[in-house]
Amino acid sequence: MRHDTLKLTGRPCHDPDRRMDMKERRASERIAARLDITFYCCDKLQQGTVTNISDRGMFISTQQMCFPFDSHLDILIPSSSGALQVKAHLRRIEMFPDSDDGMGVEIVSPSGDYLSLVEGLRSVR
């Protein structure tokens, strides 16, 4: 399956070896997840699904991809104690021809509650 990754420069990345390098460079392990979330970007409320998550970032699958590359997001993750608010910075946009589009975000100053959520997901694996 072929897909294109748009980097911050806006250029498509077709090289699968480069994608492997990105995975190897990640500072923390990604955990498969399926978390329905709400996020604010460019003063608009959006919906998405977290498909993988780590201490420092997440990938959000979403149909709504019309915002600038350097966007800041306020993400709301439902939890048993209410919504966990997480601030993030857009790092990567991916567009898949045969499935949902999505974006990689970097968490800005992860809180203890966020890190506990990630650790809980890690322990369930």
# chains A, B, ... in the order shown; residues from 1 in each chain; ligands from 1
call {"tool": "residues_around", "arguments": {"residues": "stretch 54-64 of chain A", "least_positions_apart": "5", "cutoff": "10 Å", "atoms": "only C-alpha atoms", "output": "VMD selection string"}}
result
chain A and resid 26 to 37 39 46 to 49 88 to 95 99 to 111 114 to 119 121 to 122
call {"tool": "select_by_dssp", "arguments": {"residues": "stretch 67-107 of chain A", "states": "strand (DSSP E or B)", "output": "VMD selection string"}}
result
chain A and resid 72 to 79 82 to 95 102 to 107
call {"tool": "select_by_dssp", "arguments": {"residues": "stretch 13-104 of chain A", "states": "helix (DSSP H, G or I)", "output": "ChimeraX atom specification"}}
result
/A:16-25
call {"tool": "write_last_selection", "arguments": {"atoms": "C-alpha atoms", "output": "compact mmCIF listing (two decimals), in the first residue's frame"}}
result
# COMPACT_ATOMS: atom_id res chain seq x y z
CA PRO A 16 9.80 4.02 2.54
CA ASP A 17 13.37 3.96 3.91
CA ARG A 18 12.98 7.54 5.13
CA ARG A 19 9.79 6.53 6.97
CA MET A 20 11.73 3.76 8.74
CA ASP A 21 14.35 6.31 9.80
CA MET A 22 11.60 8.41 11.39
CA LYS A 23 10.40 5.41 13.40
CA GLU A 24 13.93 4.61 14.53
CA ARG A 25 14.50 8.23 15.65
call {"tool": "residues_around", "arguments": {"residues": "A:Asp74", "least_positions_apart": "5", "cutoff": "6 Å", "atoms": "only C-alpha atoms", "output": "number ranges by chain"}}
result
A: 39-40, 86-87
